[in-house]
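**Q** Okay, so here is entry-v3.tsv, and as you'll see once you scroll down, it has TSV, C-alpha atoms and all ligand atoms.
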```tsv
chain	number	residue	atom	x	y	z
P	1	MET	CA	0.00	0.00	0.00
P	2	GLU	CA	1.33	3.42	-0.85
P	3	LEU	CA	1.42	5.57	2.26
P	4	THR	CA	2.76	9.08	2.71
P	5	ASN	CA	6.45	9.81	3.33
P	6	ARG	CA	5.24	11.39	6.56
P	7	ILE	CA	3.87	8.14	7.99
P	8	ASN	CA	6.79	6.12	6.63
P	9	ARG	CA	9.20	8.30	8.60
P	10	ILE	CA	7.88	7.01	11.93
P	11	GLN	CA	7.42	3.68	13.70
P	12	VAL	CA	4.98	2.25	16.22
P	13	SER	CA	6.10	3.21	19.73
P	14	PRO	CA	8.61	0.54	20.88
P	15	THR	CA	7.09	0.56	24.35
P	16	ALA	CA	3.75	-0.38	22.80
P	17	VAL	CA	5.51	-3.25	20.98
P	18	VAL	CA	6.90	-4.65	24.25
P	19	ILE	CA	3.57	-4.27	26.01
P	20	SER	CA	1.76	-6.12	23.26
P	21	ALA	CA	4.33	-8.99	23.22
P	22	ALA	CA	3.90	-9.34	27.00
P	23	GLU	CA	0.10	-9.24	26.64
P	24	GLN	CA	0.21	-12.05	24.07
P	25	LEU	CA	2.11	-14.29	26.49
P	26	LYS	CA	-0.22	-13.33	29.34
P	27	ALA	CA	-3.20	-14.30	27.15
P	28	LYS	CA	-1.64	-17.78	26.84
P	29	GLY	CA	-1.60	-18.03	30.63
P	30	VAL	CA	2.11	-17.21	31.12
P	31	ASP	CA	2.86	-15.36	34.37
P	32	ILE	CA	4.86	-12.28	33.34
P	33	ALA	CA	6.80	-10.05	35.74
P	34	ASP	CA	5.82	-6.91	33.92
P	35	PHE	CA	8.10	-3.88	34.12
P	36	GLY	CA	6.89	-2.57	30.75
P	37	PRO	CA	4.07	-0.08	31.13
P	38	GLY	CA	4.85	3.51	32.07
P	39	GLU	CA	1.59	4.04	33.91
P	40	PRO	CA	0.65	4.33	37.57
P	41	ASP	CA	-0.87	1.13	38.99
P	42	PHE	CA	-2.97	3.19	41.44
P	43	PRO	CA	-6.65	3.91	40.77
P	44	THR	CA	-7.72	7.43	39.83
P	45	PRO	CA	-8.53	9.22	43.14
P	46	ALA	CA	-12.19	8.87	44.23
P	47	HIS	CA	-13.01	12.61	44.24
P	48	ILE	CA	-11.89	12.87	40.60
P	49	LYS	CA	-13.98	9.86	39.53
P	50	LYS	CA	-16.96	11.34	41.36
P	51	ALA	CA	-16.64	14.61	39.43
P	52	ALA	CA	-16.77	12.66	36.16
P	53	ILE	CA	-19.85	10.72	37.27
P	54	GLN	CA	-21.52	13.99	38.24
P	55	ALA	CA	-20.63	15.47	34.83
P	56	ILE	CA	-22.39	12.56	33.14
P	57	GLU	CA	-25.42	12.87	35.38
P	58	GLU	CA	-25.63	16.59	34.64
P	59	ASN	CA	-25.45	15.83	30.90
P	60	ARG	CA	-22.15	17.61	30.37
P	61	THR	CA	-21.66	15.26	27.47
P	62	LYS	CA	-21.67	17.64	24.50
P	63	TYR	CA	-19.01	19.47	22.50
P	64	THR	CA	-17.05	21.99	24.51
P	65	PRO	CA	-14.90	24.86	23.22
P	66	THR	CA	-12.01	23.34	21.22
P	67	GLY	CA	-9.32	24.51	23.64
P	68	GLY	CA	-11.16	23.24	26.70
P	69	ILE	CA	-13.87	24.54	29.05
P	70	MET	CA	-12.98	27.98	30.42
P	71	PRO	CA	-13.07	26.90	34.10
P	72	LEU	CA	-10.37	24.31	33.30
P	73	ARG	CA	-8.31	26.78	31.25
P	74	GLU	CA	-8.38	28.97	34.35
P	75	ALA	CA	-7.83	26.18	36.89
P	76	ILE	CA	-4.71	24.75	35.21
P	77	PRO	CA	-2.67	27.99	35.41
P	78	ALA	CA	-3.95	28.52	38.98
P	79	TRP	CA	-2.80	25.01	39.96
P	80	HIS	CA	0.52	25.51	38.17
P	81	LYS	CA	1.06	28.79	40.00
P	82	ARG	CA	0.20	27.25	43.38
P	83	GLU	CA	2.26	24.09	42.90
P	84	LEU	CA	5.14	25.28	40.74
P	85	GLY	CA	5.30	29.07	41.07
P	86	SER	CA	4.52	30.16	37.49
P	87	ASP	CA	2.33	33.04	36.29
P	88	TYR	CA	0.09	31.98	33.40
P	89	HIS	CA	-3.45	33.01	32.46
P	90	ALA	CA	-6.31	31.19	30.76
P	91	LYS	CA	-5.46	32.58	27.31
P	92	GLU	CA	-1.96	31.11	27.65
P	93	CYS	CA	-3.40	27.65	28.33
P	94	VAL	CA	-4.94	25.02	26.08
P	95	VAL	CA	-6.34	21.65	27.13
P	96	ASN	CA	-5.23	18.72	24.96
P	97	VAL	CA	-5.99	15.00	24.64
P	98	GLY	CA	-3.09	13.94	26.92
P	99	GLY	CA	0.45	15.25	27.20
P	100	LYS	CA	1.51	13.38	24.06
P	101	HIS	CA	-1.12	15.32	22.10
P	102	SER	CA	0.17	18.56	23.63
P	103	ILE	CA	3.66	17.72	22.34
P	104	PHE	CA	2.37	16.58	18.94
P	105	ASN	CA	0.34	19.75	18.43
P	106	THR	CA	3.11	22.06	19.61
P	107	ILE	CA	5.69	20.46	17.33
P	108	SER	CA	3.29	20.41	14.40
P	109	VAL	CA	2.74	24.18	14.63
P	110	LEU	CA	6.41	25.12	15.24
P	111	ILE	CA	8.57	22.61	13.35
P	112	GLN	CA	8.80	22.11	9.59
P	113	HIS	CA	11.15	20.67	6.97
P	114	GLY	CA	14.75	21.73	7.56
P	115	ASP	CA	14.28	22.56	11.25
P	116	GLU	CA	16.38	20.92	13.93
P	117	VAL	CA	15.27	20.08	17.46
P	118	VAL	CA	17.90	19.46	20.13
P	119	LEU	CA	17.03	16.42	22.18
P	120	PRO	CA	19.07	15.08	25.12
P	121	ALA	CA	19.41	11.27	25.16
P	122	PRO	CA	18.25	8.98	26.65
P	123	TYR	CA	14.95	10.49	25.48
P	124	TRP	CA	11.29	9.56	25.74
P	125	VAL	CA	10.46	7.33	22.75
P	126	SER	CA	7.90	9.59	21.12
P	127	TYR	CA	9.90	12.81	20.72
P	128	PRO	CA	12.05	11.78	17.70
P	129	ASP	CA	9.10	10.36	15.81
P	130	ILE	CA	6.87	13.36	16.47
P	131	ILE	CA	9.69	15.65	15.27
P	132	LYS	CA	10.22	13.53	12.15
P	133	TYR	CA	6.50	13.40	11.41
P	134	ALA	CA	6.51	17.21	11.36
P	135	GLY	CA	9.45	17.10	8.91
P	136	GLY	CA	12.09	18.17	11.43
P	137	THR	CA	15.36	16.52	12.41
P	138	PRO	CA	16.12	15.44	15.98
P	139	VAL	CA	19.68	16.38	16.98
P	140	ILE	CA	20.66	14.03	19.78
P	141	VAL	CA	22.85	15.25	22.64
P	142	PRO	CA	23.99	12.42	24.90
P	143	THR	CA	23.87	12.85	28.68
P	144	ARG	CA	26.14	10.89	31.06
P	145	GLN	CA	25.32	8.16	33.53
P	146	GLU	CA	27.86	9.80	35.91
P	147	ASP	CA	25.75	13.01	35.81
P	148	GLY	CA	22.58	11.08	36.63
P	149	PHE	CA	21.59	11.57	32.96
P	150	SER	CA	20.97	15.26	33.59
P	151	ALA	CA	21.07	17.49	30.48
P	152	LYS	CA	23.78	20.18	30.47
P	153	ALA	CA	23.44	23.67	28.96
P	154	ALA	CA	26.98	23.65	27.52
P	155	ALA	CA	26.40	20.40	25.60
P	156	ILE	CA	23.06	21.72	24.33
P	157	GLU	CA	24.67	24.97	23.15
P	158	ARG	CA	27.35	23.05	21.23
P	159	ALA	CA	24.60	21.24	19.27
P	160	ILE	CA	22.91	24.46	18.11
P	161	THR	CA	23.15	25.33	14.38
P	162	PRO	CA	21.40	28.02	12.31
P	163	LYS	CA	18.64	25.44	11.70
P	164	THR	CA	17.86	24.83	15.38
P	165	LYS	CA	14.34	25.86	16.40
P	166	MET	CA	13.71	24.11	19.68
P	167	VAL	CA	15.26	22.34	22.66
P	168	ILE	CA	13.29	19.68	24.55
P	169	ILE	CA	13.89	19.02	28.24
P	170	ASN	CA	12.05	16.30	30.12
P	171	SER	CA	12.73	16.50	33.85
P	172	PRO	CA	12.18	14.16	35.65
P	173	SER	CA	13.01	12.02	32.65
P	174	ASN	CA	11.37	9.01	31.17
P	175	PRO	CA	13.33	6.68	30.85
P	176	THR	CA	16.17	7.59	33.25
P	177	GLY	CA	14.47	9.42	36.12
P	178	GLY	CA	17.19	12.07	35.64
P	179	VAL	CA	16.38	15.49	37.10
P	180	VAL	CA	17.77	18.79	35.79
P	181	GLY	CA	18.64	21.02	38.75
P	182	GLY	CA	17.22	24.56	38.97
P	183	LYS	CA	20.52	26.33	38.20
P	184	GLU	CA	21.28	24.15	35.17
P	185	PHE	CA	17.71	24.65	33.96
P	186	ASP	CA	18.26	28.43	34.21
P	187	ARG	CA	21.38	28.05	32.06
P	188	ILE	CA	19.48	25.98	29.47
P	189	LEU	CA	16.75	28.64	29.35
P	190	ALA	CA	19.40	31.34	28.93
P	191	VAL	CA	20.95	29.42	26.01
P	192	CYS	CA	17.52	29.17	24.35
P	193	GLN	CA	16.82	32.86	24.87
P	194	LYS	CA	20.26	33.85	23.57
P	195	HIS	CA	19.78	31.84	20.36
P	196	ASN	CA	16.07	32.66	19.99
P	197	LEU	CA	14.96	29.05	20.37
P	198	TRP	CA	11.87	27.52	21.90
P	199	LEU	CA	12.40	25.58	25.12
P	200	MET	CA	9.82	22.85	25.49
P	201	SER	CA	9.74	21.61	29.07
P	202	ASP	CA	7.86	18.33	29.53
P	203	GLU	CA	6.77	18.27	33.18
P	204	CYS	CA	4.62	15.14	33.09
P	205	TYR	CA	6.46	13.67	36.12
P	206	SER	CA	6.87	16.97	38.01
P	207	HIS	CA	5.29	15.68	41.22
P	208	PHE	CA	7.13	12.36	41.39
P	209	VAL	CA	10.55	13.43	42.63
P	210	TYR	CA	12.55	11.91	45.49
P	211	GLU	CA	14.51	13.68	48.23
P	212	PRO	CA	16.40	15.97	47.96
P	213	HIS	CA	14.53	17.06	44.80
P	214	LYS	CA	11.34	19.12	44.97
P	215	PRO	CA	8.69	19.65	42.27
P	216	PHE	CA	10.10	22.36	39.99
P	217	SER	CA	9.08	24.27	36.87
P	218	ILE	CA	11.40	26.47	34.85
P	219	ALA	CA	8.31	28.65	34.34
P	220	SER	CA	8.95	29.95	37.88
P	221	ALA	CA	12.19	31.62	36.68
P	222	LYS	CA	12.20	35.37	36.11
P	223	ASP	CA	11.34	36.45	32.52
P	224	ALA	CA	11.06	32.79	31.48
P	225	LYS	CA	7.85	32.90	29.49
P	226	ASN	CA	8.63	34.39	26.08
P	227	ARG	CA	10.50	31.37	24.61
P	228	LEU	CA	9.02	28.71	26.91
P	229	ILE	CA	6.43	25.99	26.34
P	230	ILE	CA	5.25	23.94	29.32
P	231	ILE	CA	3.78	20.50	28.68
P	232	GLY	CA	1.73	18.99	31.49
P	233	SER	CA	-0.43	15.93	31.99
P	234	MET	CA	-3.03	14.55	34.38
P	235	SER	CA	-1.85	11.02	33.54
P	236	LYS	CA	0.87	10.43	36.11
P	237	THR	CA	0.23	12.85	39.00
P	238	PHE	CA	-3.44	11.86	39.26
P	239	ALA	CA	-3.22	8.30	37.89
P	240	MET	CA	-5.42	9.35	34.97
P	241	THR	CA	-3.70	7.77	31.95
P	242	GLY	CA	-6.93	6.58	30.35
P	243	TRP	CA	-8.78	9.89	30.67
P	244	ARG	CA	-6.45	11.56	28.16
P	245	ILE	CA	-6.08	15.09	29.48
P	246	GLY	CA	-2.92	17.13	29.06
P	247	TYR	CA	-2.21	20.83	28.69
P	248	THR	CA	0.10	23.36	27.11
P	249	LEU	CA	1.15	26.66	28.71
P	250	ALA	CA	2.77	29.04	26.22
P	251	PRO	CA	2.55	32.53	24.68
P	252	GLU	CA	-0.96	33.29	23.43
P	253	PRO	CA	-0.24	33.20	19.64
P	254	LEU	CA	1.10	29.68	20.02
P	255	ILE	CA	-1.95	28.64	22.05
P	256	GLN	CA	-4.18	30.06	19.29
P	257	ALA	CA	-2.28	28.05	16.65
P	258	ILE	CA	-2.70	24.87	18.72
P	259	ILE	CA	-6.42	25.54	19.07
P	260	LYS	CA	-6.57	25.96	15.28
P	261	VAL	CA	-4.95	22.55	14.61
P	262	GLN	CA	-7.08	20.97	17.33
P	263	SER	CA	-10.20	22.47	15.73
P	264	GLN	CA	-9.41	20.54	12.54
P	265	SER	CA	-8.39	17.29	14.17
P	266	THR	CA	-9.58	16.08	17.58
P	267	SER	CA	-11.86	19.02	18.47
P	268	ASN	CA	-12.25	19.29	22.24
P	269	PRO	CA	-10.82	16.75	24.68
P	270	THR	CA	-13.62	14.55	26.08
P	271	SER	CA	-16.04	16.72	28.04
P	272	ILE	CA	-16.41	14.29	30.96
P	273	ALA	CA	-12.63	13.92	31.33
P	274	GLN	CA	-12.31	17.71	31.39
P	275	TYR	CA	-14.65	17.90	34.40
P	276	ALA	CA	-12.62	15.19	36.12
P	277	ALA	CA	-9.45	17.18	35.39
P	278	LEU	CA	-11.12	20.31	36.77
P	279	GLU	CA	-11.60	18.48	40.07
P	280	ALA	CA	-7.96	17.29	39.95
P	281	MET	CA	-6.82	20.91	39.57
P	282	ARG	CA	-9.16	22.40	42.18
P	283	GLY	CA	-9.44	19.54	44.68
P	284	SER	CA	-7.18	18.13	47.34
P	285	MET	CA	-3.63	17.05	46.43
P	286	GLU	CA	-3.51	14.66	49.38
P	287	THR	CA	-3.61	11.55	47.15
P	288	VAL	CA	-0.18	12.42	45.68
P	289	PRO	CA	2.19	11.98	48.69
P	290	PRO	CA	1.04	8.38	49.45
P	291	MET	CA	1.68	7.42	45.80
P	292	LEU	CA	5.10	9.06	45.93
P	293	ALA	CA	5.92	7.26	49.22
P	294	GLU	CA	5.02	3.93	47.64
P	295	TYR	CA	7.15	4.68	44.54
P	296	ALA	CA	10.04	5.61	46.84
P	297	LYS	CA	9.83	2.20	48.58
P	298	ARG	CA	9.73	0.38	45.24
P	299	ARG	CA	12.61	2.48	43.90
P	300	LYS	CA	14.80	1.43	46.82
P	301	ARG	CA	13.95	-2.25	46.39
P	302	ILE	CA	14.43	-2.37	42.63
P	303	VAL	CA	17.64	-0.30	42.48
P	304	GLU	CA	19.23	-2.31	45.30
P	305	GLY	CA	18.09	-5.57	43.69
P	306	LEU	CA	19.49	-4.62	40.27
P	307	ARG	CA	22.79	-3.43	41.76
P	308	ALA	CA	23.18	-6.80	43.50
P	309	ILE	CA	23.26	-8.59	40.12
P	310	PRO	CA	26.87	-8.98	38.90
P	311	GLY	CA	27.65	-6.89	35.81
P	312	ILE	CA	24.71	-4.49	36.28
P	313	GLU	CA	25.10	-0.82	37.23
P	314	CYS	CA	22.10	1.28	38.20
P	315	GLU	CA	21.87	4.98	39.12
P	316	TRP	CA	19.31	6.22	41.63
P	317	PRO	CA	16.51	7.83	39.58
P	318	GLY	CA	15.84	11.35	40.91
P	319	GLY	CA	12.20	11.19	39.84
P	320	ALA	CA	9.50	9.38	37.80
P	321	PHE	CA	9.12	5.60	38.27
P	322	TYR	CA	11.74	3.97	36.09
P	323	ALA	CA	15.00	2.16	36.88
P	324	PHE	CA	17.48	2.40	34.01
P	325	PRO	CA	20.25	-0.16	34.56
P	326	ASN	CA	23.39	-0.35	32.45
P	327	VAL	CA	23.83	-3.95	31.34
P	328	SER	CA	26.52	-3.29	28.72
P	329	ALA	CA	29.00	-5.55	30.58
P	330	HIS	CA	26.76	-8.47	29.61
P	331	LEU	CA	26.87	-7.53	25.94
P	332	GLN	CA	30.67	-7.54	25.70
P	333	GLY	CA	33.55	-10.01	26.12
P	334	ALA	CA	34.13	-13.48	24.74
P	335	HIS	CA	30.62	-14.75	25.56
P	336	PRO	CA	28.14	-11.87	25.32
P	337	LEU	CA	24.65	-12.64	26.55
P	338	ALA	CA	23.10	-11.05	23.49
P	339	LYS	CA	24.05	-8.84	20.54
P	340	SER	CA	21.95	-5.92	21.72
P	341	CYS	CA	19.54	-4.93	24.44
P	342	THR	CA	16.70	-5.51	21.99
P	343	ASP	CA	17.76	-9.18	21.73
P	344	LEU	CA	18.36	-9.33	25.49
P	345	ALA	CA	14.88	-7.95	26.23
P	346	LYS	CA	13.39	-10.54	23.86
P	347	ASP	CA	15.24	-13.36	25.65
P	348	LEU	CA	14.23	-11.99	29.04
P	349	LEU	CA	10.59	-12.01	27.97
P	350	GLU	CA	10.63	-15.43	26.35
P	351	LYS	CA	12.96	-17.31	28.72
P	352	ALA	CA	12.64	-15.51	32.07
P	353	HIS	CA	9.13	-14.10	31.57
P	354	VAL	CA	10.25	-10.60	32.51
P	355	ALA	CA	8.92	-7.72	30.39
P	356	LEU	CA	11.03	-4.57	30.10
P	357	VAL	CA	12.00	-2.09	27.38
P	358	PRO	CA	15.41	-2.17	25.65
P	359	GLY	CA	17.51	1.01	25.81
P	360	GLU	CA	17.72	1.29	22.01
P	361	ALA	CA	14.12	2.60	22.12
P	362	PHE	CA	15.40	5.61	24.07
P	363	GLY	CA	18.65	6.17	22.15
P	364	ALA	CA	20.61	4.31	24.85
P	365	PRO	CA	21.99	0.96	23.73
P	366	GLY	CA	23.41	-1.00	26.67
P	367	PHE	CA	20.56	-0.02	29.01
P	368	LEU	CA	17.17	-1.45	29.98
P	369	ARG	CA	14.13	0.40	31.31
P	370	LEU	CA	12.13	-1.16	34.12
P	371	SER	CA	8.97	0.61	35.23
P	372	TYR	CA	8.40	0.16	38.96
P	373	ALA	CA	4.79	1.23	38.77
P	374	THR	CA	3.98	-2.27	39.98
P	375	SER	CA	3.65	-3.87	43.43
P	376	ILE	CA	6.61	-4.71	45.69
P	377	GLU	CA	5.62	-8.39	45.41
P	378	ARG	CA	5.88	-8.30	41.62
P	379	ILE	CA	9.17	-6.40	41.87
P	380	GLU	CA	10.53	-9.12	44.17
P	381	GLU	CA	9.36	-11.81	41.77
P	382	GLY	CA	10.88	-10.00	38.78
P	383	LEU	CA	14.20	-9.53	40.58
P	384	ARG	CA	14.31	-13.24	41.44
P	385	ARG	CA	13.84	-14.08	37.77
P	386	LEU	CA	16.47	-11.57	36.67
P	387	GLU	CA	19.01	-12.86	39.22
P	388	LYS	CA	18.45	-16.42	38.01
P	389	PHE	CA	18.68	-15.43	34.32
P	390	PHE	CA	21.93	-13.52	34.71
P	391	ALA	CA	23.47	-16.15	37.06
P	392	ARG	CA	22.71	-18.95	34.59
P	393	ALA	CA	24.12	-16.90	31.74
P	394	GLU	CA	27.25	-16.15	33.77
P	395	ALA	CA	27.72	-19.86	34.55
P	396	ALA	CA	27.32	-20.80	30.89
P	397	ALA	CA	29.93	-18.20	29.79
E	401	LIG	C1	7.99	11.97	29.25
E	401	LIG	C2	6.57	11.81	28.89
E	401	LIG	N1	5.93	12.83	28.32
E	401	LIG	C3	4.64	12.74	27.95
E	401	LIG	C4	3.93	11.59	28.17
E	401	LIG	C5	2.51	11.56	27.71
E	401	LIG	O1	1.60	11.21	28.65
E	401	LIG	P1	0.04	11.37	28.37
E	401	LIG	O2	-0.16	11.48	26.90
E	401	LIG	O3	-0.58	10.14	28.95
E	401	LIG	O4	-0.38	12.61	29.08
E	401	LIG	C6	4.55	10.48	28.75
E	401	LIG	C7	3.84	9.21	28.92
E	401	LIG	O5	4.37	8.17	29.18
E	401	LIG	C8	5.90	10.59	29.13
E	401	LIG	O6	6.54	9.58	29.72
```
Represent the supplied structure as structure tokens.
Ligand SMILES: Cc1ncc(COP(=O)(O)O)c(C=O)c1O
**A**
Amino acid sequence: MELTNRINRIQVSPTAVVISAAEQLKAKGVDIADFGPGEPDFPTPAHIKKAAIQAIEENRTKYTPTGGIMPLREAIPAWHKRELGSDYHAKECVVNVGGKHSIFNTISVLIQHGDEVVLPAPYWVSYPDIIKYAGGTPVIVPTRQEDGFSAKAAAIERAITPKTKMVIINSPSNPTGGVVGGKEFDRILAVCQKHNLWLMSDECYSHFVYEPHKPFSIASAKDAKNRLIIIGSMSKTFAMTGWRIGYTLAPEPLIQAIIKVQSQSTSNPTSIAQYAALEAMRGSMETVPPMLAEYAKRRKRIVEGLRAIPGIECEWPGGAFYAFPNVSAHLQGAHPLAKSCTDLAKDLLEKAHVALVPGEAFGAPGFLRLSYATSIERIEEGLRRLEKFFARAEAAA
């Protein structure tokens, strides 16, 4: 079938591929220790679900304005100000169908053929494909394990060319959990302002950070707003992945352009989900600390467990809910375990029944991503399987 160049430039999300391979085995009755999905295993908080039920009962089930209901366009900047110290207004806010949609729309209105977008690696799987779909070129800037995978302003500046239009920062990061400190973030913003570039800051994991980090937005910096785009999501903070509500905070002309593209594609995000999100923004935040405390416990268990396996190194993620071990020692030497992490992940799924995502998906060969948005019991079980797999491989070598 002849498809457009546009669609042929991109691939199905590699995380979706892993999830579907694991699901196929599960459907055959195989017990999988599943570290694949990047989604909270907690239910959506009760007060948010109640708001959605009420919206249905009150027949708030019709089209809404394309950019979202006005109370939500007001509540998001108010929440962002309260939680993260920014200063946005409703006309600088648009509601989208999840954070991924916010990123897709923003890139589609700002990036075109010939444009370059600077992207620190390891990166979230979708950024390069979204950039390529828009016709742009991702310019990858590696970060270092020794720096906790935190992006550095100097390395970003070295990657800038006359074609550069945008820099993307995702802190805390999926897949590494790396956090960019406030001072370094200021420097990155200054580089973007100096070169007249857009800084897109993806804050989807803003509220899942571990001591000593605190939730942070670069939008709280002085004079930050003119070249800044904030991407936010209800998915992680409020365990609302299926509701599909995200938002963009940016200068008004950009918001208007996003509303235009939305008006010719998705139209408004689902009305009921918008009322749920309104409750998330206005209601109590007390459901967040217990989730964070549980993630912190799991983080400790999984990082310690991975570090105890010979040949595996693992940094402490500063935020999000992913461990990102370096297994490159097992891919080298006279008897490598596998040719690549993609092959290793396949073997781990088929032979050890452990599902995880190979680092190649994130521009990081030699690494694996394990989501610890799963119970301590399943983490223990998965670690047992990993220990056995690597011990057997070691013995055979
Ligand atoms: C870094 C990052 N940004 C954005 C998203 C998009 O989330 P959603 O579209 O569910 O809001 C995700 C989801 O996994 C993510 O990890």
**Q** Could you report the residues within 7 Å of ligand LIG 401 (chain E), using all atoms listed in the file, as a PyMOL selection string?
**A** chain P and resi 38-39+98-101+124+170+173-174+202+204+233-235+241+244-246
**Q** Which polymer residues have any atom within 10 Å of an atom of stretch 390-394 of chain P, counting all atoms listed in the file, with same-chain residues fewer than 6 positions away left out, as JSON, numbers by chain?
**A** {"P": [309, 310, 311, 312, 330, 335, 336, 337, 348, 352]}
**Q** Fewer than 5 positions away in the same chain doesn't count, so skip those; otherwise give me all residues within 10 Å of stretch 150-167 of chain P, counting only C-alpha atoms, as a ChimeraX atom specification.
**A** /P:107,110-112,114-122,136-145,172-173,176-181,184-192,194-201,227-228,318
**Q** Can you work out the spacing between atom CA of P:Arg6 and atom CA of P:Tyr133 in Å, to one decimal?
**A**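 It comes out at 5.4 Å.
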**Q** Between P:Ser171, P:Ser20, P:Thr66, P:Asn5, which has the minimum distance to P:Leu356 (counting all atoms listed in the file)?
**A** P:Ser20
**Q** With distances taken over only C-alpha atoms, which residue among P:Ala276, P:Met281, P:Ile255, P:Leu25 lies nearest P:Lys91?
**A**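 The closest residue to P:Lys91 is P:Ile255.
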**Q** Could you state the separation of atom CA of P:Ala22 and atom CA of P:Ser328 in Å, given to one decimal place?
**A** 23.5 Å
**Q** Could you tell me which of P:Thr287, P:Thr4, P:Asn96, P:Ser375 comes closest to P:Gly67 if we count all atoms listed in the file?
**A** P:Asn96
**Q** Could you check how far atom CA of P:Pro289 sits from atom CA of P:Ala239, in Å to one decimal?
**A** 12.6 Å
**Q** What lies within 12 Å of P:Arg307 using all atoms listed in the file, ignoring chain neighbours under 4 positions off, as an mmCIF file with C-alpha atoms, keeping the file's coordinate frame?
**A**
```cif
data_model
loop_
_atom_site.group_PDB
_atom_site.id
_atom_site.type_symbol
_atom_site.label_atom_id
_atom_site.label_comp_id
_atom_site.auth_asym_id
_atom_site.auth_seq_id
_atom_site.Cartn_x
_atom_site.Cartn_y
_atom_site.Cartn_z
ATOM 1 C CA ARG P 299 12.610 2.480 43.900
ATOM 2 C CA LYS P 300 14.800 1.430 46.820
ATOM 3 C CA ARG P 301 13.950 -2.250 46.390
ATOM 4 C CA ILE P 302 14.430 -2.370 42.630
ATOM 5 C CA VAL P 303 17.640 -0.300 42.480
ATOM 6 C CA GLY P 311 27.650 -6.890 35.810
ATOM 7 C CA ILE P 312 24.710 -4.490 36.280
ATOM 8 C CA GLU P 313 25.100 -0.820 37.230
ATOM 9 C CA CYS P 314 22.100 1.280 38.200
ATOM 10 C CA GLU P 315 21.870 4.980 39.120
ATOM 11 C CA TRP P 316 19.310 6.220 41.630
ATOM 12 C CA ALA P 323 15.000 2.160 36.880
ATOM 13 C CA PHE P 324 17.480 2.400 34.010
ATOM 14 C CA PRO P 325 20.250 -0.160 34.560
ATOM 15 C CA ASN P 326 23.390 -0.350 32.450
ATOM 16 C CA VAL P 327 23.830 -3.950 31.340
ATOM 17 C CA LEU P 383 14.200 -9.530 40.580
ATOM 18 C CA LEU P 386 16.470 -11.570 36.670
ATOM 19 C CA GLU P 387 19.010 -12.860 39.220
#
```
**Q** Using all atoms listed in the file, find the one residue out of P:Leu3, P:Cys93, P:Ala16, P:Leu331 that sits nearest to P:Asp343.
**A**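 Result for the nearest residue to P:Asp343: P:Leu331.
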**Q** Looking at P:Gly305, P:Gly232, P:Pro269, P:Pro251, which one is nearest to P:Gly68, with distances taken over all atoms listed in the file?
**A** P:Pro269
**Q** Can you put N, CA, C and O atoms back into stretch 173-181 of chain P and show it as a PDB file, keeping the file's coordinate frame?
**A**
```
ATOM      1  N   SER P 173      13.002  12.627  33.980  1.00  0.00           N
ATOM      2  CA  SER P 173      13.010  12.020  32.650  1.00  0.00           C
ATOM      3  C   SER P 173      12.413  10.624  32.626  1.00  0.00           C
ATOM      4  O   SER P 173      12.610   9.833  33.531  1.00  0.00           O
ATOM      5  N   ASN P 174      11.674  10.361  31.586  1.00  0.00           N
ATOM      6  CA  ASN P 174      11.370   9.010  31.170  1.00  0.00           C
ATOM      7  C   ASN P 174      12.303   8.773  29.990  1.00  0.00           C
ATOM      8  O   ASN P 174      12.206   9.520  29.009  1.00  0.00           O
ATOM      9  N   PRO P 175      13.278   7.904  30.059  1.00  0.00           N
ATOM     10  CA  PRO P 175      13.330   6.680  30.850  1.00  0.00           C
ATOM     11  C   PRO P 175      14.289   6.680  32.028  1.00  0.00           C
ATOM     12  O   PRO P 175      14.325   5.692  32.757  1.00  0.00           O
ATOM     13  N   THR P 176      15.068   7.740  32.278  1.00  0.00           N
ATOM     14  CA  THR P 176      16.170   7.590  33.250  1.00  0.00           C
ATOM     15  C   THR P 176      15.810   8.015  34.658  1.00  0.00           C
ATOM     16  O   THR P 176      16.517   7.682  35.599  1.00  0.00           O
ATOM     17  N   GLY P 177      14.757   8.819  34.822  1.00  0.00           N
ATOM     18  CA  GLY P 177      14.470   9.420  36.120  1.00  0.00           C
ATOM     19  C   GLY P 177      15.391  10.593  36.413  1.00  0.00           C
ATOM     20  O   GLY P 177      15.340  11.178  37.494  1.00  0.00           O
ATOM     21  N   GLY P 178      16.248  10.954  35.452  1.00  0.00           N
ATOM     22  CA  GLY P 178      17.190  12.070  35.640  1.00  0.00           C
ATOM     23  C   GLY P 178      16.443  13.392  35.870  1.00  0.00           C
ATOM     24  O   GLY P 178      15.397  13.634  35.266  1.00  0.00           O
ATOM     25  N   VAL P 179      16.988  14.200  36.776  1.00  0.00           N
ATOM     26  CA  VAL P 179      16.380  15.490  37.100  1.00  0.00           C
ATOM     27  C   VAL P 179      17.374  16.596  36.760  1.00  0.00           C
ATOM     28  O   VAL P 179      18.559  16.488  37.096  1.00  0.00           O
ATOM     29  N   VAL P 180      16.913  17.640  36.081  1.00  0.00           N
ATOM     30  CA  VAL P 180      17.770  18.790  35.790  1.00  0.00           C
ATOM     31  C   VAL P 180      17.604  19.773  36.954  1.00  0.00           C
ATOM     32  O   VAL P 180      16.482  20.200  37.251  1.00  0.00           O
ATOM     33  N   GLY P 181      18.706  20.108  37.608  1.00  0.00           N
ATOM     34  CA  GLY P 181      18.640  21.020  38.750  1.00  0.00           C
ATOM     35  C   GLY P 181      18.237  22.427  38.321  1.00  0.00           C
ATOM     36  O   GLY P 181      18.371  22.793  37.142  1.00  0.00           O
TER      37      GLY P 181
END
```
